[in-house]
Amino acid sequence: FPSHDNVRQMIDTTKYPLIVGGDFNDTPFSSTTRTIGAKLSDTFIEKGRGPGGTYLNNYLLTRIDYLFHDKKFRTALNILAWVVLCGLPT
């Protein structure tokens with residue numbers, strides 16, 4: 001998998017609008033998330049509701065999955081957290 005610096009380099013050099021998403025296994029405050037999201041819009045920040053957690057770790061709901069997009073796009077709806085949470089084992 002490419003490092004966050006490699007992904008950021010691709011973001012900085014592409015001439016096309018981007019959508020970047022995935023399981024980053026990192027918190028919203030990590031250097032990985034901040035580096036990749038610096039030039040992109042975070043769909044959860046724009047349209048998300050609630051705690052935004054996508055992973056249940058020791059009874060603590062944590063956000064580790066992200067969907068970013070070029071600022072040329074707009075977020076109409078963010079359902080990433082609901083989709084991921086619905087897949088948690090009971």
# chains A, B, ... in the order shown; residues from 1 in each chain; ligands from 1
>>> residues_around(residues="Asp5 of chain A", least_positions_apart="3", cutoff="9 Å", atoms="only C-alpha atoms", output="list in words")
Pro2, Arg8, Gln9, Met10, Thr32, Thr35 and Ile36 of chain A
>>> write_last_selection(atoms="N, CA and C atoms", output="PDB file, in the first residue's frame")
ATOM      1  N   PRO A   2       0.465   2.269  -0.711  1.00  0.00           N
ATOM      2  CA  PRO A   2       1.266   3.501  -0.727  1.00  0.00           C
ATOM      3  C   PRO A   2       1.180   4.230   0.610  1.00  0.00           C
ATOM      4  N   ARG A   8      -0.369  11.782  -1.010  1.00  0.00           N
ATOM      5  CA  ARG A   8      -0.389  13.251  -1.064  1.00  0.00           C
ATOM      6  C   ARG A   8       0.320  13.761  -2.315  1.00  0.00           C
ATOM      7  N   GLN A   9       1.419  13.111  -2.699  1.00  0.00           N
ATOM      8  CA  GLN A   9       2.129  13.508  -3.913  1.00  0.00           C
ATOM      9  C   GLN A   9       1.235  13.327  -5.140  1.00  0.00           C
ATOM     10  N   MET A  10       0.482  12.230  -5.181  1.00  0.00           N
ATOM     11  CA  MET A  10      -0.450  12.016  -6.290  1.00  0.00           C
ATOM     12  C   MET A  10      -1.538  13.084  -6.297  1.00  0.00           C
ATOM     13  N   THR A  32      -1.497  10.995   8.993  1.00  0.00           N
ATOM     14  CA  THR A  32      -1.963  10.391   7.743  1.00  0.00           C
ATOM     15  C   THR A  32      -3.221  11.083   7.246  1.00  0.00           C
ATOM     16  N   THR A  35      -2.564  14.778   6.342  1.00  0.00           N
ATOM     17  CA  THR A  35      -1.771  14.924   5.121  1.00  0.00           C
ATOM     18  C   THR A  35      -2.622  14.687   3.882  1.00  0.00           C
ATOM     19  N   ILE A  36      -3.390  13.614   3.875  1.00  0.00           N
ATOM     20  CA  ILE A  36      -4.211  13.281   2.711  1.00  0.00           C
ATOM     21  C   ILE A  36      -5.373  14.254   2.571  1.00  0.00           C
TER      22      ILE A  36
END
>>> residues_around(residues="segment 67-72 of chain A", least_positions_apart="5", cutoff="9 Å", atoms="only C-alpha atoms", output="list in words")
Tyr16, Pro17, Leu18, Ile19, Val20, Gly21, Gly22, Ile36, Gly37, Lys39, Leu40, Ser41, Asp42, Thr43, Phe44, Asn78 and Leu80 of chain A
>>> write_last_selection(atoms="all heavy atoms", output="compact mmCIF listing (two decimals), in the first residue's frame")
# COMPACT_ATOMS: atom_id res chain seq x y z
N TYR A 16 -6.58 15.97 -12.46
CA TYR A 16 -7.97 15.53 -12.44
C TYR A 16 -8.58 15.70 -11.05
O TYR A 16 -7.88 15.55 -10.04
CB TYR A 16 -8.08 14.07 -12.87
CG TYR A 16 -7.53 13.82 -14.24
CD1 TYR A 16 -6.30 13.21 -14.40
CD2 TYR A 16 -8.23 14.23 -15.37
CE1 TYR A 16 -5.78 12.99 -15.67
CE2 TYR A 16 -7.72 14.02 -16.64
CZ TYR A 16 -6.49 13.40 -16.78
OH TYR A 16 -5.98 13.19 -18.04
N PRO A 17 -9.88 15.98 -10.96
CA PRO A 17 -10.54 16.00 -9.66
C PRO A 17 -10.53 14.58 -9.06
O PRO A 17 -10.71 13.61 -9.78
CB PRO A 17 -11.96 16.44 -9.96
CG PRO A 17 -11.98 16.89 -11.37
CD PRO A 17 -10.78 16.32 -12.05
N LEU A 18 -10.30 14.50 -7.78
CA LEU A 18 -10.13 13.20 -7.12
C LEU A 18 -11.20 12.90 -6.09
O LEU A 18 -11.75 13.80 -5.46
CB LEU A 18 -8.78 13.15 -6.39
CG LEU A 18 -7.53 13.22 -7.23
CD1 LEU A 18 -6.31 13.34 -6.33
CD2 LEU A 18 -7.42 12.00 -8.10
N ILE A 19 -11.42 11.60 -5.90
CA ILE A 19 -12.15 11.08 -4.76
C ILE A 19 -11.22 10.05 -4.13
O ILE A 19 -10.74 9.14 -4.81
CB ILE A 19 -13.48 10.42 -5.17
CG1 ILE A 19 -14.40 11.46 -5.78
CG2 ILE A 19 -14.13 9.73 -3.97
CD1 ILE A 19 -15.67 10.88 -6.38
N VAL A 20 -10.89 10.24 -2.85
CA VAL A 20 -9.97 9.35 -2.15
C VAL A 20 -10.69 8.81 -0.93
O VAL A 20 -11.19 9.57 -0.10
CB VAL A 20 -8.69 10.09 -1.70
CG1 VAL A 20 -7.76 9.17 -0.92
CG2 VAL A 20 -7.97 10.70 -2.90
N GLY A 21 -10.77 7.50 -0.82
CA GLY A 21 -11.45 6.91 0.32
C GLY A 21 -10.82 5.61 0.72
O GLY A 21 -10.09 4.99 -0.05
N GLY A 22 -11.10 5.23 1.95
CA GLY A 22 -10.61 3.93 2.38
C GLY A 22 -10.55 3.79 3.88
O GLY A 22 -10.89 4.70 4.63
N ILE A 36 -3.39 13.61 3.87
CA ILE A 36 -4.21 13.28 2.71
C ILE A 36 -5.37 14.25 2.57
O ILE A 36 -5.73 14.66 1.47
CB ILE A 36 -4.70 11.82 2.80
CG1 ILE A 36 -3.49 10.87 2.67
CG2 ILE A 36 -5.75 11.53 1.73
CD1 ILE A 36 -3.80 9.42 2.87
N GLY A 37 -5.96 14.67 3.68
CA GLY A 37 -7.13 15.53 3.63
C GLY A 37 -6.86 17.01 3.53
O GLY A 37 -7.78 17.81 3.44
N LYS A 39 -5.83 19.01 1.18
CA LYS A 39 -6.30 19.70 -0.03
C LYS A 39 -7.67 19.22 -0.49
O LYS A 39 -8.17 19.66 -1.50
CB LYS A 39 -5.30 19.50 -1.17
CG LYS A 39 -4.05 20.32 -1.06
CD LYS A 39 -3.29 20.22 -2.35
CE LYS A 39 -2.31 21.37 -2.47
NZ LYS A 39 -1.62 21.34 -3.76
N LEU A 40 -8.25 18.29 0.26
CA LEU A 40 -9.51 17.69 -0.14
C LEU A 40 -10.58 17.97 0.91
O LEU A 40 -10.27 18.29 2.06
CB LEU A 40 -9.35 16.18 -0.32
CG LEU A 40 -8.29 15.73 -1.33
CD1 LEU A 40 -8.11 14.22 -1.27
CD2 LEU A 40 -8.64 16.18 -2.73
N SER A 41 -11.82 17.84 0.53
CA SER A 41 -12.93 18.01 1.46
C SER A 41 -13.25 16.65 2.10
O SER A 41 -13.23 15.62 1.43
CB SER A 41 -14.16 18.52 0.73
OG SER A 41 -13.91 19.80 0.20
N ASP A 42 -13.57 16.68 3.37
CA ASP A 42 -13.93 15.48 4.13
C ASP A 42 -15.46 15.39 4.15
O ASP A 42 -16.14 16.27 4.66
CB ASP A 42 -13.39 15.61 5.55
CG ASP A 42 -13.63 14.41 6.41
OD1 ASP A 42 -14.60 13.65 6.16
OD2 ASP A 42 -12.87 14.23 7.38
N THR A 43 -16.00 14.31 3.57
CA THR A 43 -17.45 14.20 3.47
C THR A 43 -18.13 14.16 4.83
O THR A 43 -19.23 14.68 4.98
CB THR A 43 -17.87 12.96 2.66
OG1 THR A 43 -17.37 11.78 3.31
CG2 THR A 43 -17.35 13.03 1.24
N PHE A 44 -17.48 13.58 5.83
CA PHE A 44 -18.11 13.55 7.15
C PHE A 44 -18.17 14.94 7.76
O PHE A 44 -19.17 15.32 8.35
CB PHE A 44 -17.39 12.60 8.11
CG PHE A 44 -18.06 12.56 9.45
CD1 PHE A 44 -19.24 11.87 9.61
CD2 PHE A 44 -17.56 13.27 10.51
CE1 PHE A 44 -19.91 11.87 10.83
CE2 PHE A 44 -18.20 13.27 11.74
CZ PHE A 44 -19.38 12.57 11.89
N ASN A 78 -23.57 11.87 3.34
CA ASN A 78 -22.50 11.00 3.82
C ASN A 78 -23.12 9.80 4.50
O ASN A 78 -23.77 9.94 5.53
CB ASN A 78 -21.58 11.74 4.79
CG ASN A 78 -20.47 10.85 5.31
OD1 ASN A 78 -20.72 9.92 6.06
ND2 ASN A 78 -19.27 11.13 4.90
N LEU A 80 -21.15 6.78 4.74
CA LEU A 80 -20.05 5.86 4.98
C LEU A 80 -20.13 5.23 6.37
O LEU A 80 -20.02 4.02 6.51
CB LEU A 80 -18.71 6.57 4.81
CG LEU A 80 -17.46 5.74 5.05
CD1 LEU A 80 -17.37 4.61 4.04
CD2 LEU A 80 -16.21 6.59 4.99
>>> select_by_dssp(residues="chain A", states="alpha helix (DSSP H)", output="JSON, numbers by chain")
{"A": [4, 5, 6, 7, 8, 9, 10, 11, 12, 13, 31, 32, 33, 34, 35, 36, 37, 43, 44, 45, 46, 47, 80, 81, 82, 83, 84, 85, 86]}
>>> atom_distance(atom1="atom CA of Asp26 of chain A", atom2="atom CA of Arg63 of chain A")
7.6 Å
>>> atom_distance(atom1="atom CA of Ala76 of chain A", atom2="atom CA of Leu60 of chain A")
27.9 Å
>>> select_by_dssp(residues="chain A", states="strand (DSSP E)", output="list of chain:residue names")
A:Ile19, A:Val20, A:Gly21, A:Gly22, A:Asp23, A:Ser41, A:Asp42, A:Tyr55, A:Leu56, A:Asn57, A:Leu60, A:Leu61, A:Thr62, A:Asp65, A:Tyr66, A:Leu67, A:Phe68, A:His69
>>> write_last_selection(atoms="C-alpha atoms", output="short mmCIF file (atom, residue, chain, number, x, y, z; two decimals), in the first residue's frame")
data_model
loop_
_atom_site.label_atom_id
_atom_site.label_comp_id
_atom_site.auth_asym_id
_atom_site.auth_seq_id
_atom_site.Cartn_x
_atom_site.Cartn_y
_atom_site.Cartn_z
CA ILE A 19 -12.15 11.08 -4.76
CA VAL A 20 -9.97 9.35 -2.15
CA GLY A 21 -11.45 6.91 0.32
CA GLY A 22 -10.61 3.93 2.38
CA ASP A 23 -9.90 2.29 5.67
CA SER A 41 -12.93 18.01 1.46
CA ASP A 42 -13.93 15.48 4.13
CA TYR A 55 -14.86 0.94 14.17
CA LEU A 56 -15.78 -0.34 17.62
CA ASN A 57 -12.64 -0.81 19.72
CA LEU A 60 -15.09 3.11 21.98
CA LEU A 61 -16.49 4.06 18.60
CA THR A 62 -13.64 5.46 16.51
CA ASP A 65 -12.67 5.08 7.45
CA TYR A 66 -12.69 8.17 5.28
CA LEU A 67 -14.04 9.60 2.08
CA PHE A 68 -12.40 12.75 0.75
CA HIS A 69 -13.09 14.57 -2.51
#
>>> closest_residue(among="A:Thr13, A:Phe24, A:Leu77, A:Val7", to="Arg49 of chain A", atoms="only C-alpha atoms")
A:Leu77
>>> atom_distance(atom1="atom CA of Pro28 of chain A", atom2="atom CA of Thr14 of chain A")
24.0 Å
